[in-house]
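Coordinates as given in run.txt (compact mmCIF, C-alpha atoms and all ligand atoms):
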# COMPACT_ATOMS: atom_id res chain seq x y z
CA MET A 171 78.23 119.50 20.91
CA ASN A 172 81.29 120.89 19.08
CA ALA A 173 84.84 119.70 19.68
CA ARG A 174 85.82 122.79 21.64
CA PHE A 175 82.87 122.35 24.02
CA THR A 176 83.67 118.66 24.43
CA ALA A 177 87.28 119.46 25.25
CA LEU A 178 86.23 121.96 27.91
CA ALA A 179 83.27 120.04 29.26
CA PRO A 180 83.83 118.95 32.86
CA THR A 181 83.02 115.37 33.74
CA ILE A 182 79.52 114.77 35.05
CA PRO A 183 79.88 112.89 38.33
CA GLU A 184 77.75 109.80 38.87
CA ARG A 185 76.30 111.34 42.03
CA TRP A 186 75.84 114.80 43.51
CA PRO A 187 75.18 114.02 47.17
CA THR A 188 72.96 116.28 49.27
CA ARG A 189 70.68 115.68 52.25
CA LEU A 190 67.80 115.12 49.81
CA THR A 191 69.60 112.66 47.57
CA GLU A 192 70.48 110.70 50.72
CA LEU A 193 66.90 110.86 52.01
CA LEU A 194 65.37 109.78 48.71
CA GLY A 195 68.11 107.38 47.62
CA ILE A 196 68.70 109.17 44.31
CA ARG A 197 71.90 110.10 42.45
CA TRP A 198 71.27 113.73 41.48
CA PRO A 199 69.28 116.39 43.38
CA LEU A 200 66.74 116.81 40.59
CA LEU A 201 63.03 116.50 41.28
CA LEU A 202 60.35 116.49 38.63
CA GLY A 203 57.39 118.02 40.47
CA GLY A 204 54.03 116.32 39.98
CA MET A 205 52.32 117.64 36.84
CA MET A 206 48.56 117.20 36.57
CA TRP A 207 47.61 115.00 33.58
CA LEU A 208 51.26 114.65 32.55
CA SER A 209 53.14 112.87 35.37
CA ASP A 210 52.24 109.33 34.38
CA ALA A 211 54.23 106.12 34.85
CA ARG A 212 56.37 106.59 31.75
CA LEU A 213 57.44 110.17 32.49
CA VAL A 214 58.08 109.54 36.19
CA ALA A 215 60.02 106.35 35.48
CA ALA A 216 62.16 108.22 32.94
CA MET A 217 63.13 110.71 35.66
CA VAL A 218 63.91 107.97 38.16
CA ARG A 219 66.05 106.13 35.60
CA ALA A 220 67.86 109.41 34.82
CA GLY A 221 68.93 109.61 38.48
CA GLY A 222 66.36 112.03 39.95
CA MET A 223 62.91 111.64 41.50
CA GLY A 224 59.46 111.98 39.94
CA PHE A 225 55.95 111.93 41.37
CA ILE A 226 52.85 110.31 39.85
CA THR A 227 50.01 112.84 40.18
CA ALA A 228 47.33 110.90 42.05
CA ARG A 229 44.64 113.35 40.88
CA SER A 230 45.23 112.59 37.20
CA LEU A 231 43.77 109.09 37.48
CA ARG A 232 40.00 108.71 37.13
CA THR A 233 39.55 105.65 39.33
CA ASP A 234 41.41 104.05 42.22
CA GLU A 235 41.97 101.01 40.02
CA ASP A 236 43.55 103.18 37.29
CA PHE A 237 45.79 104.68 39.95
CA ARG A 238 46.85 101.24 41.20
CA GLN A 239 47.60 100.13 37.64
CA THR A 240 49.71 103.26 37.08
CA LEU A 241 51.75 102.44 40.19
CA HIS A 242 52.27 98.87 38.94
CA GLU A 243 53.36 100.20 35.56
CA CYS A 244 55.79 102.67 37.13
CA ARG A 245 57.28 99.95 39.32
CA ARG A 246 57.79 97.80 36.22
CA LEU A 247 59.39 100.67 34.27
CA THR A 248 61.72 101.70 37.10
CA LYS A 249 62.66 98.06 37.66
CA GLU A 250 61.62 98.32 41.30
CA GLN A 251 63.52 101.57 42.00
CA PRO A 252 61.57 103.86 44.35
CA PHE A 253 59.39 106.57 42.83
CA GLY A 254 57.06 109.16 44.33
CA VAL A 255 53.39 110.13 44.37
CA ASN A 256 52.08 113.71 44.35
CA LEU A 257 49.01 114.40 46.50
CA THR A 258 47.65 117.84 45.69
CA LEU A 259 45.06 119.07 48.20
CA SER A 260 42.85 121.58 46.46
CA ARG A 261 42.28 124.93 48.12
CA ARG A 262 38.80 124.76 46.59
CA GLY A 263 38.22 121.56 48.57
CA SER A 264 37.19 119.37 45.67
CA GLY A 265 38.44 115.81 45.61
CA ASN A 266 40.53 116.05 48.77
CA GLU A 267 38.94 112.99 50.43
CA ALA A 268 39.94 110.93 47.43
CA MET A 269 43.56 111.85 48.15
CA THR A 270 43.39 110.00 51.50
CA THR A 271 42.22 106.87 49.68
CA ARG A 272 44.95 107.30 47.03
CA LEU A 273 47.55 107.68 49.78
CA LYS A 274 46.41 104.40 51.35
CA ILE A 275 46.55 102.64 47.98
CA ALA A 276 50.05 104.01 47.32
CA LEU A 277 51.22 102.74 50.71
CA GLN A 278 49.70 99.29 50.01
CA GLU A 279 51.64 99.29 46.74
CA GLY A 280 54.91 100.03 48.51
CA VAL A 281 55.31 103.75 47.67
CA ARG A 282 57.11 105.59 50.48
CA ILE A 283 57.94 108.97 48.91
CA PHE A 284 55.28 111.69 48.68
CA GLU A 285 55.08 115.25 47.45
CA THR A 286 52.18 117.14 48.99
CA ALA A 287 50.96 120.49 47.70
CA GLY A 288 48.08 122.92 48.01
CA LEU A 289 46.65 122.79 51.53
CA PRO A 290 48.99 121.64 54.33
CA PRO A 291 48.79 117.84 54.75
CA THR A 292 47.60 118.07 58.37
CA GLU A 293 45.16 115.14 58.22
CA LEU A 294 47.49 112.96 56.18
CA MET A 295 50.46 113.33 58.56
CA PRO A 296 49.49 110.50 60.98
CA ILE A 297 49.07 108.14 58.01
CA PHE A 298 52.47 109.11 56.60
CA GLN A 299 54.10 108.79 60.00
CA ASN A 300 52.57 105.38 60.80
CA ALA A 301 53.85 104.08 57.48
CA GLY A 302 57.32 105.60 57.88
CA ALA A 303 56.82 107.48 54.61
CA ILE A 304 58.92 110.45 53.45
CA VAL A 305 56.91 113.63 52.92
CA ILE A 306 58.09 116.66 50.98
CA HIS A 307 55.60 119.47 51.27
CA LYS A 308 55.55 122.06 48.49
CA CYS A 309 54.52 125.62 49.26
CA ALA A 310 55.16 129.16 48.12
CA HIS A 311 55.49 131.16 51.34
CA VAL A 312 58.40 130.88 53.77
CA ARG A 313 55.94 130.94 56.69
CA HIS A 314 54.11 127.93 55.23
CA ALA A 315 57.44 126.12 54.85
CA VAL A 316 58.18 126.79 58.53
CA SER A 317 54.68 125.52 59.53
CA ALA A 318 55.25 122.38 57.50
CA GLN A 319 58.60 121.88 59.23
CA ASN A 320 56.85 122.23 62.60
CA MET A 321 54.21 119.75 61.44
CA GLY A 322 56.94 117.14 60.99
CA VAL A 323 57.41 116.85 57.22
CA ASP A 324 60.80 115.50 56.16
CA ALA A 325 61.61 118.23 53.64
CA VAL A 326 60.02 121.19 51.94
CA THR A 327 59.93 122.46 48.42
CA LEU A 328 59.64 126.19 48.20
CA VAL A 329 58.55 127.70 44.92
CA GLY A 330 58.73 131.28 43.73
CA MET A 331 56.15 133.33 41.88
CA GLU A 332 57.65 132.20 38.55
CA GLU A 333 56.53 128.60 39.11
CA GLY A 334 54.42 126.99 36.40
CA GLY A 335 51.10 125.93 37.95
CA HIS A 336 49.84 127.31 41.27
CA PRO A 337 52.48 129.50 42.91
CA GLY A 338 49.95 130.93 45.38
CA SER A 339 49.74 134.53 46.47
CA ASN A 340 53.47 134.83 47.17
CA GLN A 341 55.11 137.58 45.10
CA LEU A 342 58.74 136.70 45.81
CA PRO A 343 60.89 135.05 43.18
CA THR A 344 62.47 131.66 43.80
CA PHE A 345 65.96 132.74 44.82
CA LEU A 346 64.80 135.43 47.23
CA ASN A 347 62.29 133.02 48.78
CA GLY A 348 65.04 130.43 49.11
CA ALA A 349 67.51 132.76 50.81
CA PHE A 350 64.90 133.82 53.37
CA ALA A 351 63.76 130.25 53.96
CA LEU A 352 67.29 129.03 54.63
CA GLU A 353 67.47 131.37 57.63
CA GLN A 354 64.62 129.45 59.26
CA LEU A 355 64.66 125.87 58.01
CA HIS A 356 66.71 123.03 59.40
CA ILE A 357 65.13 120.29 57.28
CA PRO A 358 66.20 119.77 53.64
CA LEU A 359 64.97 122.32 51.13
CA ALA A 360 64.23 121.91 47.44
CA LEU A 361 63.87 125.11 45.44
CA GLY A 362 61.62 125.40 42.44
CA GLY A 363 60.08 127.85 40.01
CA GLY A 364 61.71 129.17 36.87
CA ILE A 365 64.56 126.66 36.81
CA GLY A 366 65.36 125.33 33.36
CA HIS A 367 69.13 125.76 32.94
CA GLY A 368 71.87 123.86 34.75
CA ARG A 369 73.59 127.04 35.89
CA GLN A 370 70.45 127.76 37.95
CA ILE A 371 70.83 124.33 39.56
CA ALA A 372 74.43 125.16 40.49
CA ALA A 373 73.20 128.50 41.87
CA ALA A 374 70.45 126.86 43.94
CA LEU A 375 72.90 124.35 45.43
CA ALA A 376 75.40 127.15 46.11
CA LEU A 377 72.62 129.07 47.82
CA GLY A 378 72.13 126.18 50.23
CA ALA A 379 69.28 124.20 48.67
CA ASP A 380 69.41 120.39 48.78
CA ALA A 381 67.69 119.93 45.41
CA VAL A 382 65.76 121.70 42.70
CA VAL A 383 62.21 121.04 41.55
CA MET A 384 61.33 121.53 37.91
CA GLY A 385 58.27 121.10 35.75
CA SER A 386 57.85 123.44 32.79
CA VAL A 387 61.17 122.56 31.14
CA PHE A 388 60.15 118.89 31.04
CA THR A 389 56.69 119.40 29.53
CA PRO A 390 57.82 118.75 25.93
CA ALA A 391 59.85 115.64 26.83
CA LEU A 392 59.32 112.75 24.44
CA GLU A 393 57.80 110.65 27.23
CA THR A 394 55.23 113.29 28.29
CA PRO A 395 51.73 111.94 27.55
CA ALA A 396 50.55 114.85 25.40
CA HIS A 397 49.88 115.51 21.72
CA ASP A 398 52.85 116.52 19.56
CA ALA A 399 51.07 119.77 18.57
CA TYR A 400 51.12 120.78 22.26
CA LYS A 401 54.84 119.98 22.51
CA GLN A 402 55.62 121.95 19.35
CA ARG A 403 53.72 124.93 20.80
CA VAL A 404 55.69 124.58 24.04
CA ILE A 405 59.11 124.57 22.39
CA ALA A 406 58.12 127.60 20.28
CA THR A 407 57.27 129.54 23.49
CA ASP A 408 59.85 131.87 24.99
CA ALA A 409 60.27 133.13 28.54
CA HIS A 410 57.59 135.79 27.98
CA GLY A 411 54.94 133.36 26.79
CA THR A 412 53.27 132.62 30.12
CA ARG A 413 50.95 134.64 32.32
CA ALA A 414 49.54 134.48 35.84
CA VAL A 415 45.74 134.63 36.09
CA LEU A 416 43.10 134.26 38.84
CA GLY A 417 45.24 136.11 41.39
CA SER A 418 42.21 138.22 42.32
CA LEU A 419 40.46 135.00 43.42
CA GLY A 420 43.42 134.12 45.65
CA ASP A 421 44.20 131.22 43.34
CA THR A 422 47.07 132.42 41.13
CA TRP A 423 47.61 130.08 38.21
CA ARG A 424 50.62 130.53 35.91
CA VAL A 425 49.85 129.13 32.48
CA LEU A 426 50.80 129.26 28.83
CA ASP A 427 49.55 132.56 27.42
CA ASN A 428 47.16 130.94 24.93
CA GLU A 429 43.74 132.12 23.69
CA ASN A 430 42.02 130.43 26.62
CA ALA A 431 44.23 132.22 29.18
CA ARG A 432 43.55 135.53 27.49
CA LYS A 433 39.77 134.92 27.75
CA VAL A 434 40.22 134.13 31.44
CA ALA A 435 42.27 137.31 31.95
CA THR A 436 39.59 139.38 30.18
CA LEU A 437 36.84 137.96 32.39
CA GLU A 438 38.94 138.57 35.49
CA GLU A 439 39.64 142.15 34.44
CA ALA A 440 35.89 142.59 33.91
CA GLY A 441 35.31 141.62 37.56
CA ALA A 442 34.68 137.85 37.67
CA ARG A 443 35.57 136.74 41.19
CA THR A 444 34.30 133.17 41.58
CA HIS A 445 35.60 130.06 39.87
CA ALA A 446 32.06 129.33 38.63
CA GLU A 447 32.07 132.51 36.56
CA PHE A 448 34.92 131.11 34.44
CA GLY A 449 32.96 127.92 33.72
CA GLN A 450 34.55 125.50 31.25
CA LEU A 451 37.46 127.87 30.59
CA ILE A 452 39.19 126.60 33.73
CA SER A 453 38.03 123.00 33.60
CA GLY A 454 40.83 120.49 34.03
CA GLU A 455 38.92 117.78 32.16
CA ARG A 456 38.51 120.09 29.17
CA THR A 457 42.22 120.95 29.22
CA GLN A 458 43.08 117.26 29.24
CA ALA A 459 40.68 116.35 26.41
CA LEU A 460 41.28 119.29 24.07
CA ALA A 461 44.85 120.44 24.65
CA TYR A 462 46.85 117.50 25.95
CA GLN A 463 44.97 114.73 24.12
CA ALA A 464 43.74 116.41 20.91
CA GLY A 465 46.59 118.94 20.60
CA GLN A 466 44.35 122.05 20.53
CA HIS A 467 46.89 124.09 22.45
CA GLU A 468 44.92 127.33 22.39
CA GLU A 469 42.26 125.64 24.56
CA GLY A 470 42.55 124.90 28.25
CA MET A 471 44.65 126.08 31.17
CA LEU A 472 48.14 124.79 30.43
CA SER A 473 50.26 125.22 33.56
CA MET A 474 53.57 126.72 32.50
CA GLY A 475 56.26 129.06 33.78
CA PRO A 476 59.00 131.07 32.05
CA ALA A 477 61.54 128.23 32.40
CA VAL A 478 59.79 126.96 29.27
CA GLY A 479 62.13 129.32 27.41
CA PHE A 480 64.89 126.74 27.97
CA ALA A 481 62.84 123.93 26.38
CA ARG A 482 63.86 124.06 22.73
CA ALA A 483 63.32 120.56 21.35
CA VAL A 484 61.17 117.48 21.86
CA VAL A 485 63.79 115.05 23.15
CA PRO A 486 63.88 112.17 25.64
CA LEU A 487 63.79 113.25 29.27
CA ALA A 488 67.24 111.73 29.87
CA GLU A 489 68.67 114.14 27.29
CA ILE A 490 67.21 117.13 29.13
CA VAL A 491 68.66 115.83 32.39
CA HIS A 492 72.04 115.34 30.74
CA ARG A 493 72.01 118.91 29.41
CA LEU A 494 71.12 120.24 32.87
CA GLN A 495 73.90 118.21 34.49
CA ALA A 496 76.51 119.35 31.95
CA GLU A 497 75.48 123.01 32.38
CA CYS A 498 75.51 122.63 36.15
CA MET A 499 79.03 121.21 36.06
CA GLN A 500 80.24 124.01 33.78
CA ALA A 501 78.90 126.62 36.18
CA THR A 502 80.40 124.76 39.11
CA SER A 503 83.85 124.57 37.55
CA ARG A 504 83.76 128.28 36.78
CA PHE A 505 83.18 128.79 40.50
CA GLN A 506 86.03 126.47 41.38
CA ARG A 507 88.40 128.23 38.95
CA MET A 508 87.50 131.58 40.51
CA LEU A 509 88.33 130.29 43.96
CA ALA A 510 91.54 128.63 42.80
CA SER A 511 92.90 131.73 41.05
C1 LIG B 601 51.96 121.23 33.40
C2 LIG B 601 52.16 121.38 34.88
C3 LIG B 601 51.25 120.80 35.75
C4 LIG B 601 51.45 120.90 37.14
N1 LIG B 601 50.57 120.28 37.99
C5 LIG B 601 50.84 120.25 39.32
C6 LIG B 601 50.03 119.50 40.22
O1 LIG B 601 49.04 118.87 39.82
N2 LIG B 601 50.38 119.48 41.52
C7 LIG B 601 51.49 120.14 42.00
O2 LIG B 601 51.79 120.04 43.19
N3 LIG B 601 52.25 120.90 41.18
C8 LIG B 601 51.96 120.95 39.87
N4 LIG B 601 52.78 121.66 39.03
C9 LIG B 601 53.98 122.34 39.57
C10 LIG B 601 55.22 121.44 39.44
O3 LIG B 601 55.11 120.31 40.25
C11 LIG B 601 56.50 122.20 39.86
O4 LIG B 601 56.39 122.63 41.19
C12 LIG B 601 56.73 123.40 38.96
O5 LIG B 601 56.57 123.03 37.62
C13 LIG B 601 58.12 123.99 39.15
O6 LIG B 601 58.21 125.21 38.51
P1 LIG B 601 58.62 125.39 36.96
O7 LIG B 601 57.43 124.98 36.17
O8 LIG B 601 58.90 126.84 36.85
O9 LIG B 601 59.79 124.51 36.72
C14 LIG B 601 52.57 121.62 37.64
C15 LIG B 601 53.44 122.25 36.75
C16 LIG B 601 53.26 122.14 35.38
C17 LIG B 601 54.23 122.82 34.45
Translate this file's structure into structure tokens.
Ligand SMILES: Cc1cc2nc3c(=O)[nH]c(=O)nc-3n(C[C@H](O)[C@H](O)[C@H](O)COP(=O)(O)O)c2cc1C
Amino acid sequence: MNARFTALAPTIPERWPTRLTELLGIRWPLLLGGMMWLSDARLVAAMVRAGGMGFITARSLRTDEDFRQTLHECRRLTKEQPFGVNLTLSRRGSGNEAMTTRLKIALQEGVRIFETAGLPPTELMPIFQNAGAIVIHKCAHVRHAVSAQNMGVDAVTLVGMEEGGHPGSNQLPTFLNGAFALEQLHIPLALGGGIGHGRQIAAALALGADAVVMGSVFTPALETPAHDAYKQRVIATDAHGTRAVLGSLGDTWRVLDNENARKVATLEEAGARTHAEFGQLISGERTQALAYQAGQHEEGMLSMGPAVGFARAVVPLAEIVHRLQAECMQATSRFQRMLAS
């Protein structure tokens, strides 16, 4: 940071209060959405310590015991501060029963903050409600956000088509989705998809959102449990280096545009219409073993959106959060100066 920037830099307040920071007991309205294979205890705890909220991805753990150990580890690393668990209910149906068990384990271990995604959490709602847990349901269509509100969730995250991961069949970008949703929602709203700069956070809060959800921009954080070769590939990727595939199967997946994704796109263009036809190319286990663990970043389906263009170095998560906060404050003070003039 040069001297001129330092002189102009507005102070970063300790807290930025919104309905979601109040609900979750956090200082800044920044959520690190659950990231399959990557949102482990260390990464989630780093986000909690930085003043936001993170979610352990329950699906990433092979056994219930591994999951329980991860929760213990996260509790130790956050020094007992609350953290969240992501329960992704697959549209393909696989492994969804295990999510009920993982929810019960998380509750036994004292977790009270959950991010649900994929299918609506209809069957989990009574369990959440009996336990007095906070549920934030993530979806990509305004109508699904309204259904979730009617179902009794505490907040929704709405993502746009630029989200890294599974943005669903929705074709609207994040800010358009958000503006439409705000006409119909009375519960707190987090907006996500394509956010990687602090001025976008200021814009989302100005729009009326209560928080932002991010993923891609945090993938190369120092704490992320992935090979350095993967992180180097990520920081070398610009905003045009991702692509959405499998839309014709009703299962849009936005990923890094690597060799594997191009093979998937070629098969899809040739008419493949069932997940089975893509075989190992879309296997999560293979992605974990080859890309995240061994660093073979041209293998596997690496969820990623264009916000990756803002990830330019492998640095501790707290440094990314600090950059986002400083940029957010700069954008905010520009706004204030405009109004004051
Ligand atoms: C590597 C990666 C893995 C993800 N895995 C999941 C997941 O398992 N469950 C889920 O609900 N969302 C998942 N997401 C979506 C994120 O939670 C978040 O909604 C998204 O990253 C926000 O959009 P952005 O990537 O444009 O910032 C993943 C995203 C990434 C980048």
**Message:** ligand LIG 601 (chain B): which residues are within 7 Å, counting only C-alpha atoms and all ligand atoms? Reply as number ranges by chain.
**Reply:** A: 202-206, 208, 227, 256, 258, 286-288, 308, 329, 332-336, 362-366, 383-387, 389, 472-477
**Asked** Counting only C-alpha atoms, what is within 12 Å of Arg493 of chain A, bar same-chain residues fewer than 3 positions away, as an MDAnalysis selection string?
**Response** chainID A and resid 171 179 182 220 366:369 371 387:388 480:483 485:490 496:500
Given the selection you just returned, output its residues as a file containing C-alpha atoms, formatted as a short mmCIF file (atom, residue, chain, number, x, y, z; two decimals), in the coordinates of the input.
data_model
loop_
_atom_site.label_atom_id
_atom_site.label_comp_id
_atom_site.auth_asym_id
_atom_site.auth_seq_id
_atom_site.Cartn_x
_atom_site.Cartn_y
_atom_site.Cartn_z
CA MET A 171 78.23 119.50 20.91
CA ALA A 179 83.27 120.04 29.26
CA ILE A 182 79.52 114.77 35.05
CA ALA A 220 67.86 109.41 34.82
CA GLY A 366 65.36 125.33 33.36
CA HIS A 367 69.13 125.76 32.94
CA GLY A 368 71.87 123.86 34.75
CA ARG A 369 73.59 127.04 35.89
CA ILE A 371 70.83 124.33 39.56
CA VAL A 387 61.17 122.56 31.14
CA PHE A 388 60.15 118.89 31.04
CA PHE A 480 64.89 126.74 27.97
CA ALA A 481 62.84 123.93 26.38
CA ARG A 482 63.86 124.06 22.73
CA ALA A 483 63.32 120.56 21.35
CA VAL A 485 63.79 115.05 23.15
CA PRO A 486 63.88 112.17 25.64
CA LEU A 487 63.79 113.25 29.27
CA ALA A 488 67.24 111.73 29.87
CA GLU A 489 68.67 114.14 27.29
CA ILE A 490 67.21 117.13 29.13
CA ALA A 496 76.51 119.35 31.95
CA GLU A 497 75.48 123.01 32.38
CA CYS A 498 75.51 122.63 36.15
CA MET A 499 79.03 121.21 36.06
CA GLN A 500 80.24 124.01 33.78
#
**Message:** Can you tell me which residues surround segment 457-466 of chain A at a distance of at most 7 Å, considering all atoms listed in the file, apart from same-chain residues fewer than 2 positions away, and format the answer as a ChimeraX atom specification?
**Reply:** /A:207,396-400,453-455,468-471
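Counting only C-alpha atoms, the residue from A:Gly322, A:Pro183, A:Pro199, A:Gly222 that sits nearest to Leu375 of chain A is A:Pro199.
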**Asked** segment 187-196 of chain A: which residues within 9 Å, counting only C-alpha atoms, same-chain residues fewer than 4 positions away excluded, as a list of chain:residue names?
**Response** A:Leu200, A:Val218, A:Gly221, A:Gly222, A:Met223, A:Pro252, A:Phe253, A:Ile283, A:Ile304, A:Asp324, A:Ala325, A:Ile357, A:Pro358, A:Leu359, A:Ala360, A:Leu375, A:Ala379, A:Asp380, A:Ala381
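Across the model, the gap from atom CA of Leu289 of chain A to atom CA of Gly263 of chain A is 9.0 Å.
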